[in-house]
file work_17.tsv (TSV, C-alpha atoms)
chain	number	residue	atom	x	y	z
W	1	MET	CA	136.93	-29.46	-94.31
W	2	ILE	CA	134.60	-32.50	-94.30
W	3	LEU	CA	135.39	-35.20	-96.86
W	4	ARG	CA	132.23	-36.33	-98.62
W	5	THR	CA	131.35	-39.38	-100.69
W	6	LYS	CA	129.74	-39.10	-104.12
W	7	MET	CA	126.27	-39.17	-102.48
W	8	GLY	CA	127.15	-36.28	-100.20
W	9	PHE	CA	127.49	-38.17	-96.89
W	10	PRO	CA	130.51	-37.37	-94.79
W	11	LYS	CA	133.02	-40.23	-94.87
W	12	ARG	CA	133.30	-40.01	-91.11
W	13	ALA	CA	129.57	-40.76	-90.74
W	14	ILE	CA	129.83	-43.83	-92.94
W	15	PHE	CA	132.88	-45.02	-91.01
W	16	ILE	CA	131.04	-44.55	-87.67
W	17	SER	CA	128.00	-46.43	-88.99
W	18	ILE	CA	130.04	-49.37	-90.24
W	19	CYS	CA	131.99	-49.57	-86.97
W	20	ILE	CA	128.90	-49.45	-84.76
W	21	PHE	CA	127.05	-51.98	-86.92
W	22	SER	CA	129.97	-54.42	-87.07
W	23	LEU	CA	130.74	-54.15	-83.38
W	24	SER	CA	127.09	-54.63	-82.38
W	25	VAL	CA	126.59	-57.70	-84.55
W	26	PHE	CA	129.88	-59.22	-83.37
W	27	ILE	CA	129.09	-58.63	-79.69
W	28	SER	CA	125.61	-60.09	-80.21
W	29	PHE	CA	127.17	-63.18	-81.80
W	30	LEU	CA	129.57	-63.64	-78.86
W	31	ILE	CA	126.87	-63.15	-76.23
W	32	SER	CA	124.43	-65.48	-77.99
W	33	ASN	CA	127.00	-68.25	-78.39
W	34	TYR	CA	129.06	-67.99	-75.22
W	35	VAL	CA	127.13	-66.13	-72.52
W	36	ILE	CA	123.42	-66.96	-72.84
W	37	GLU	CA	122.65	-70.49	-71.69
W	38	LYS	CA	121.44	-72.82	-74.40
W	39	THR	CA	117.98	-74.34	-73.99
W	40	TYR	CA	116.88	-77.53	-75.73
W	41	GLU	CA	113.28	-78.41	-76.53
W	42	SER	CA	111.77	-81.85	-76.96
W	43	MET	CA	108.20	-82.34	-78.08
W	44	GLY	CA	105.70	-85.16	-78.35
W	45	VAL	CA	102.15	-85.23	-79.71
W	46	LEU	CA	99.19	-87.20	-78.40
W	47	LEU	CA	95.83	-87.78	-80.07
W	48	ILE	CA	92.65	-87.81	-78.01
W	49	TYR	CA	90.93	-90.91	-79.28
W	50	SER	CA	87.64	-92.59	-78.39
W	51	ASP	CA	85.84	-95.52	-80.00
W	52	ASN	CA	82.56	-94.28	-78.58
W	53	ARG	CA	81.78	-90.68	-79.63
W	54	SER	CA	78.49	-90.32	-77.71
W	55	ASP	CA	77.54	-87.20	-75.72
W	56	GLU	CA	78.20	-88.93	-72.39
W	57	ASN	CA	81.84	-89.39	-73.46
W	58	GLU	CA	82.20	-85.79	-74.66
W	59	TYR	CA	84.26	-84.99	-71.56
W	60	LEU	CA	86.84	-87.51	-72.75
W	61	LYS	CA	87.83	-85.37	-75.70
W	62	ASP	CA	88.14	-82.10	-73.84
W	63	ALA	CA	91.78	-81.15	-74.30
W	64	LYS	CA	91.57	-78.64	-71.44
W	65	THR	CA	90.88	-81.53	-69.07
W	66	TYR	CA	93.94	-83.41	-70.28
W	67	ARG	CA	96.10	-80.29	-70.03
W	68	THR	CA	94.94	-79.78	-66.43
W	69	ILE	CA	95.73	-83.41	-65.59
W	70	ALA	CA	99.14	-83.16	-67.29
W	71	THR	CA	100.21	-80.08	-65.35
W	72	GLY	CA	98.70	-81.09	-62.00
W	73	ILE	CA	100.72	-81.49	-58.83
W	74	GLN	CA	100.29	-85.27	-58.80
W	75	MET	CA	101.71	-85.59	-62.31
W	76	MET	CA	104.60	-83.23	-61.54
W	77	ASN	CA	105.48	-85.12	-58.35
W	78	GLU	CA	105.41	-88.46	-60.20
W	79	ILE	CA	107.80	-87.13	-62.86
W	80	ILE	CA	110.11	-85.63	-60.23
W	81	SER	CA	110.27	-88.86	-58.26
W	82	GLN	CA	110.55	-91.16	-61.29
W	83	LEU	CA	113.46	-89.20	-62.77
W	84	ASP	CA	114.92	-88.32	-59.35
W	85	LEU	CA	114.96	-84.63	-60.26
W	86	GLN	CA	116.11	-81.90	-57.91
W	87	TYR	CA	113.27	-79.61	-59.04
W	88	ARG	CA	110.35	-78.18	-57.17
W	89	VAL	CA	106.91	-78.63	-58.75
W	90	LYS	CA	106.92	-74.97	-59.79
W	91	ASP	CA	110.33	-75.32	-61.47
W	92	LEU	CA	109.24	-78.37	-63.44
W	93	ARG	CA	105.98	-76.70	-64.50
W	94	ASN	CA	107.97	-73.77	-65.88
W	95	LYS	CA	109.83	-76.17	-68.19
W	96	ILE	CA	106.66	-77.75	-69.61
W	97	ILE	CA	104.14	-76.41	-72.10
W	98	VAL	CA	101.01	-78.48	-72.73
W	99	SER	CA	98.96	-77.03	-75.56
W	100	TYR	CA	96.26	-78.03	-78.00
W	101	GLU	CA	94.44	-76.70	-81.02
W	102	ASP	CA	90.70	-76.16	-80.67
W	103	ASP	CA	89.76	-77.80	-83.96
W	104	THR	CA	91.91	-80.90	-83.55
W	105	ASP	CA	92.17	-83.66	-81.01
W	106	LEU	CA	95.94	-83.19	-80.72
W	107	ILE	CA	97.79	-82.37	-77.52
W	108	TYR	CA	101.34	-81.05	-77.79
W	109	ILE	CA	103.75	-81.59	-74.92
W	110	GLU	CA	106.90	-79.48	-75.08
W	111	VAL	CA	109.68	-79.56	-72.52
W	112	GLU	CA	112.61	-77.16	-72.36
W	113	ASP	CA	115.77	-77.89	-70.42
W	114	ARG	CA	119.47	-77.03	-70.51
W	115	ASP	CA	120.22	-80.72	-71.05
W	116	PRO	CA	118.82	-82.19	-74.30
W	117	GLU	CA	118.67	-85.70	-72.82
W	118	MET	CA	116.70	-84.46	-69.80
W	119	ALA	CA	114.24	-82.55	-72.02
W	120	TYR	CA	113.63	-85.80	-73.91
W	121	ARG	CA	113.28	-87.92	-70.75
W	122	ILE	CA	110.82	-85.53	-69.11
W	123	THR	CA	108.72	-85.41	-72.29
W	124	GLN	CA	108.75	-89.19	-72.61
W	125	ILE	CA	107.82	-89.83	-68.97
W	126	MET	CA	105.14	-87.15	-69.06
W	127	MET	CA	103.49	-88.70	-72.12
W	128	GLU	CA	103.59	-92.18	-70.56
W	129	ARG	CA	102.27	-90.96	-67.20
W	130	LEU	CA	99.53	-88.89	-68.84
W	131	GLN	CA	98.34	-91.91	-70.81
W	132	SER	CA	98.25	-94.11	-67.71
W	133	ARG	CA	96.63	-91.38	-65.57
W	134	VAL	CA	93.86	-90.90	-68.16
W	135	GLN	CA	93.42	-94.71	-68.18
W	136	GLU	CA	93.04	-94.65	-64.37
W	137	LEU	CA	90.54	-91.78	-64.39
W	138	PHE	CA	88.39	-92.63	-67.40
W	139	GLY	CA	88.95	-96.38	-67.76
W	140	ASP	CA	89.80	-96.24	-71.44
W	141	GLY	CA	92.96	-95.70	-73.45
W	142	ASN	CA	91.92	-92.32	-74.81
W	143	LEU	CA	95.36	-91.03	-75.70
W	144	LYS	CA	97.42	-92.37	-78.59
W	145	VAL	CA	100.95	-91.30	-79.44
W	146	VAL	CA	101.10	-89.47	-82.77
W	147	GLU	CA	104.68	-88.25	-82.52
W	148	GLU	CA	107.27	-89.69	-80.16
W	149	PRO	CA	109.48	-87.25	-78.27
W	150	TYR	CA	113.02	-86.83	-79.56
W	151	ILE	CA	116.42	-85.85	-78.24
W	152	PRO	CA	117.05	-82.38	-79.65
W	153	SER	CA	120.33	-81.96	-81.51
W	154	GLU	CA	120.25	-78.15	-81.73
W	155	PRO	CA	119.29	-75.66	-79.02
W	156	SER	CA	115.94	-73.93	-79.41
W	157	ARG	CA	117.32	-70.83	-77.71
W	158	PRO	CA	119.10	-68.52	-78.06
W	159	ASN	CA	118.30	-67.80	-81.67
W	160	VAL	CA	121.70	-66.46	-82.74
W	161	VAL	CA	120.61	-65.18	-86.15
W	162	LEU	CA	117.61	-63.34	-84.71
W	163	ASN	CA	119.74	-61.79	-81.96
W	164	MET	CA	122.30	-60.63	-84.54
W	165	MET	CA	119.55	-59.13	-86.73
W	166	ILE	CA	118.08	-57.24	-83.77
W	167	ALA	CA	121.55	-55.99	-82.83
W	168	GLY	CA	122.10	-54.85	-86.41
W	169	MET	CA	118.78	-52.96	-86.50
W	170	LEU	CA	119.50	-51.26	-83.19
W	171	ALA	CA	123.01	-50.41	-84.40
W	172	ILE	CA	121.58	-48.71	-87.48
W	173	LEU	CA	119.26	-46.60	-85.32
W	174	PHE	CA	122.06	-45.76	-82.90
W	175	SER	CA	124.36	-44.89	-85.81
W	176	ALA	CA	121.79	-42.49	-87.20
W	177	LEU	CA	121.53	-40.76	-83.82
W	178	VAL	CA	125.32	-40.53	-83.51
W	179	ILE	CA	125.65	-39.13	-87.03
W	180	ILE	CA	122.93	-36.52	-86.42
W	181	TRP	CA	124.58	-35.53	-83.15
W	182	ASP	CA	128.00	-35.38	-84.84
W	183	LEU	CA	126.71	-33.23	-87.72
W	184	LYS	CA	124.91	-30.82	-85.37
W	185	ARG	CA	128.05	-30.51	-83.27
W	186	ARG	CA	130.09	-29.23	-86.24

call {"tool": "encode", "arguments": {"input": "work_17.tsv", "output": "structure tokens"}}
result
Amino acid sequence: MILRTKMGFPKRAIFISICIFSLSVFISFLISNYVIEKTYESMGVLLIYSDNRSDENEYLKDAKTYRTIATGIQMMNEIISQLDLQYRVKDLRNKIIVSYEDDTDLIYIEVEDRDPEMAYRITQIMMERLQSRVQELFGDGNLKVVEEPYIPSEPSRPNVVLNMMIAGMLAILFSALVIIWDLKRR
């Protein structure tokens, strides 16, 4: 005889669902906090600025140009040597995201690293070197700091809450499959 709740579900099915859900969320919590490496993100913002907004200086405000300069081999090598990093150019590039919004003159420099201090230092040096490199190439101080980089206090990844929510959703689906299989078996 199958014991049923007031809604008609077998008590065994509810017990299985609760166990699977709890175990999945708990394992996700443990993996997110103790197995997956934490990554810290530091970010700085630069403004493309020019006193002279004529057509001949239009190239100065092209954010794509600045992004290309920022992620170029010369810039990467300068950062590696200045900070005495044990990275290859490719490894450093994978830690850096240089982005911009089309309608603004803002350039965002984000650096991810396992060490929060190193993420900050790479961001800071990159912003300084980009400003001086643009000065060398275009002869004008076209980049102004809008937001200084910071030392992150919390990791940007893994997102423990999101991982636990995903584990919970998958557990609910898996529980439903187990319950259906268990009911068909009887």

call {"tool": "residues_near_point", "arguments": {"input": "work_17.tsv", "point": "(128.9, -53.9, -80.5)", "cutoff": "12 Å", "atoms": "all atoms listed in the file", "output": "mmCIF file with C-alpha atoms, in the coordinates of the input"}}
result
data_model
loop_
_atom_site.group_PDB
_atom_site.id
_atom_site.type_symbol
_atom_site.label_atom_id
_atom_site.label_comp_id
_atom_site.auth_asym_id
_atom_site.auth_seq_id
_atom_site.Cartn_x
_atom_site.Cartn_y
_atom_site.Cartn_z
ATOM 1 C CA ILE W 16 131.040 -44.550 -87.670
ATOM 2 C CA SER W 17 128.000 -46.430 -88.990
ATOM 3 C CA ILE W 18 130.040 -49.370 -90.240
ATOM 4 C CA CYS W 19 131.990 -49.570 -86.970
ATOM 5 C CA ILE W 20 128.900 -49.450 -84.760
ATOM 6 C CA PHE W 21 127.050 -51.980 -86.920
ATOM 7 C CA SER W 22 129.970 -54.420 -87.070
ATOM 8 C CA LEU W 23 130.740 -54.150 -83.380
ATOM 9 C CA SER W 24 127.090 -54.630 -82.380
ATOM 10 C CA VAL W 25 126.590 -57.700 -84.550
ATOM 11 C CA PHE W 26 129.880 -59.220 -83.370
ATOM 12 C CA ILE W 27 129.090 -58.630 -79.690
ATOM 13 C CA SER W 28 125.610 -60.090 -80.210
ATOM 14 C CA PHE W 29 127.170 -63.180 -81.800
ATOM 15 C CA LEU W 30 129.570 -63.640 -78.860
ATOM 16 C CA ILE W 31 126.870 -63.150 -76.230
ATOM 17 C CA MET W 164 122.300 -60.630 -84.540
ATOM 18 C CA ILE W 166 118.080 -57.240 -83.770
ATOM 19 C CA ALA W 167 121.550 -55.990 -82.830
ATOM 20 C CA GLY W 168 122.100 -54.850 -86.410
ATOM 21 C CA MET W 169 118.780 -52.960 -86.500
ATOM 22 C CA LEU W 170 119.500 -51.260 -83.190
ATOM 23 C CA ALA W 171 123.010 -50.410 -84.400
ATOM 24 C CA ILE W 172 121.580 -48.710 -87.480
ATOM 25 C CA PHE W 174 122.060 -45.760 -82.900
ATOM 26 C CA SER W 175 124.360 -44.890 -85.810
#

call {"tool": "atom_distance", "arguments": {"input": "work_17.tsv", "atom1": "CA of Arg12 in chain W", "atom2": "CA of Ala176 in chain W"}}
result
12.4 Å

call {"tool": "atom_distance", "arguments": {"input": "work_17.tsv", "atom1": "CA of Arg121 in chain W", "atom2": "CA of Asn163 in chain W"}}
result
29.2 Å

call {"tool": "residues_around", "arguments": {"input": "work_17.tsv", "residues": "Ala119 in chain W", "least_positions_apart": "6", "cutoff": "7 Å", "atoms": "all atoms listed in the file", "output": "list of chain:residue names"}}
result
W:Tyr40, W:Glu41, W:Ser42, W:Val111, W:Glu112, W:Asp113

call {"tool": "atom_distance", "arguments": {"input": "work_17.tsv", "atom1": "CA of Tyr150 in chain W", "atom2": "CA of Tyr120 in chain W"}}
result
5.8 Å

call {"tool": "residues_around", "arguments": {"input": "work_17.tsv", "residues": "Asp115 in chain W", "least_positions_apart": "6", "cutoff": "12 Å", "atoms": "all atoms listed in the file", "output": "PyMOL selection string"}}
result
chain W and resi 37-42+95+121-122+151-156

call {"tool": "closest_residue", "arguments": {"input": "work_17.tsv", "among": "W:Val160, W:Ile36, W:Leu143, W:Ile180", "to": "Arg129 in chain W", "atoms": "all atoms listed in the file"}}
result
W:Leu143

call {"tool": "closest_residue", "arguments": {"input": "work_17.tsv", "among": "W:Ala63, W:Met126, W:Ile80, W:Asn33", "to": "Val161 in chain W", "atoms": "all atoms listed in the file"}}
result
W:Asn33

call {"tool": "residues_around", "arguments": {"input": "work_17.tsv", "residues": "Glu128 in chain W", "least_positions_apart": "2", "cutoff": "12 Å", "atoms": "only C-alpha atoms", "output": "list of chain:residue names"}}
result
W:Gly44, W:Val45, W:Leu46, W:Ala70, W:Met75, W:Glu78, W:Ile79, W:Gln82, W:Ile109, W:Arg121, W:Ile122, W:Thr123, W:Gln124, W:Ile125, W:Met126, W:Leu130, W:Gln131, W:Ser132, W:Arg133, W:Val134, W:Gln135, W:Gly141, W:Leu143, W:Lys144, W:Val145, W:Glu148, W:Pro149

call {"tool": "residues_around", "arguments": {"input": "work_17.tsv", "residues": "Thr71 in chain W", "least_positions_apart": "2", "cutoff": "9 Å", "atoms": "only C-alpha atoms", "output": "PyMOL selection string"}}
result
chain W and resi 66-69+73-76+93+96-98

call {"tool": "closest_residue", "arguments": {"input": "work_17.tsv", "among": "W:Ile179, W:Met118, W:Thr65, W:Arg157", "to": "Leu85 in chain W", "atoms": "only C-alpha atoms"}}
result
W:Met118
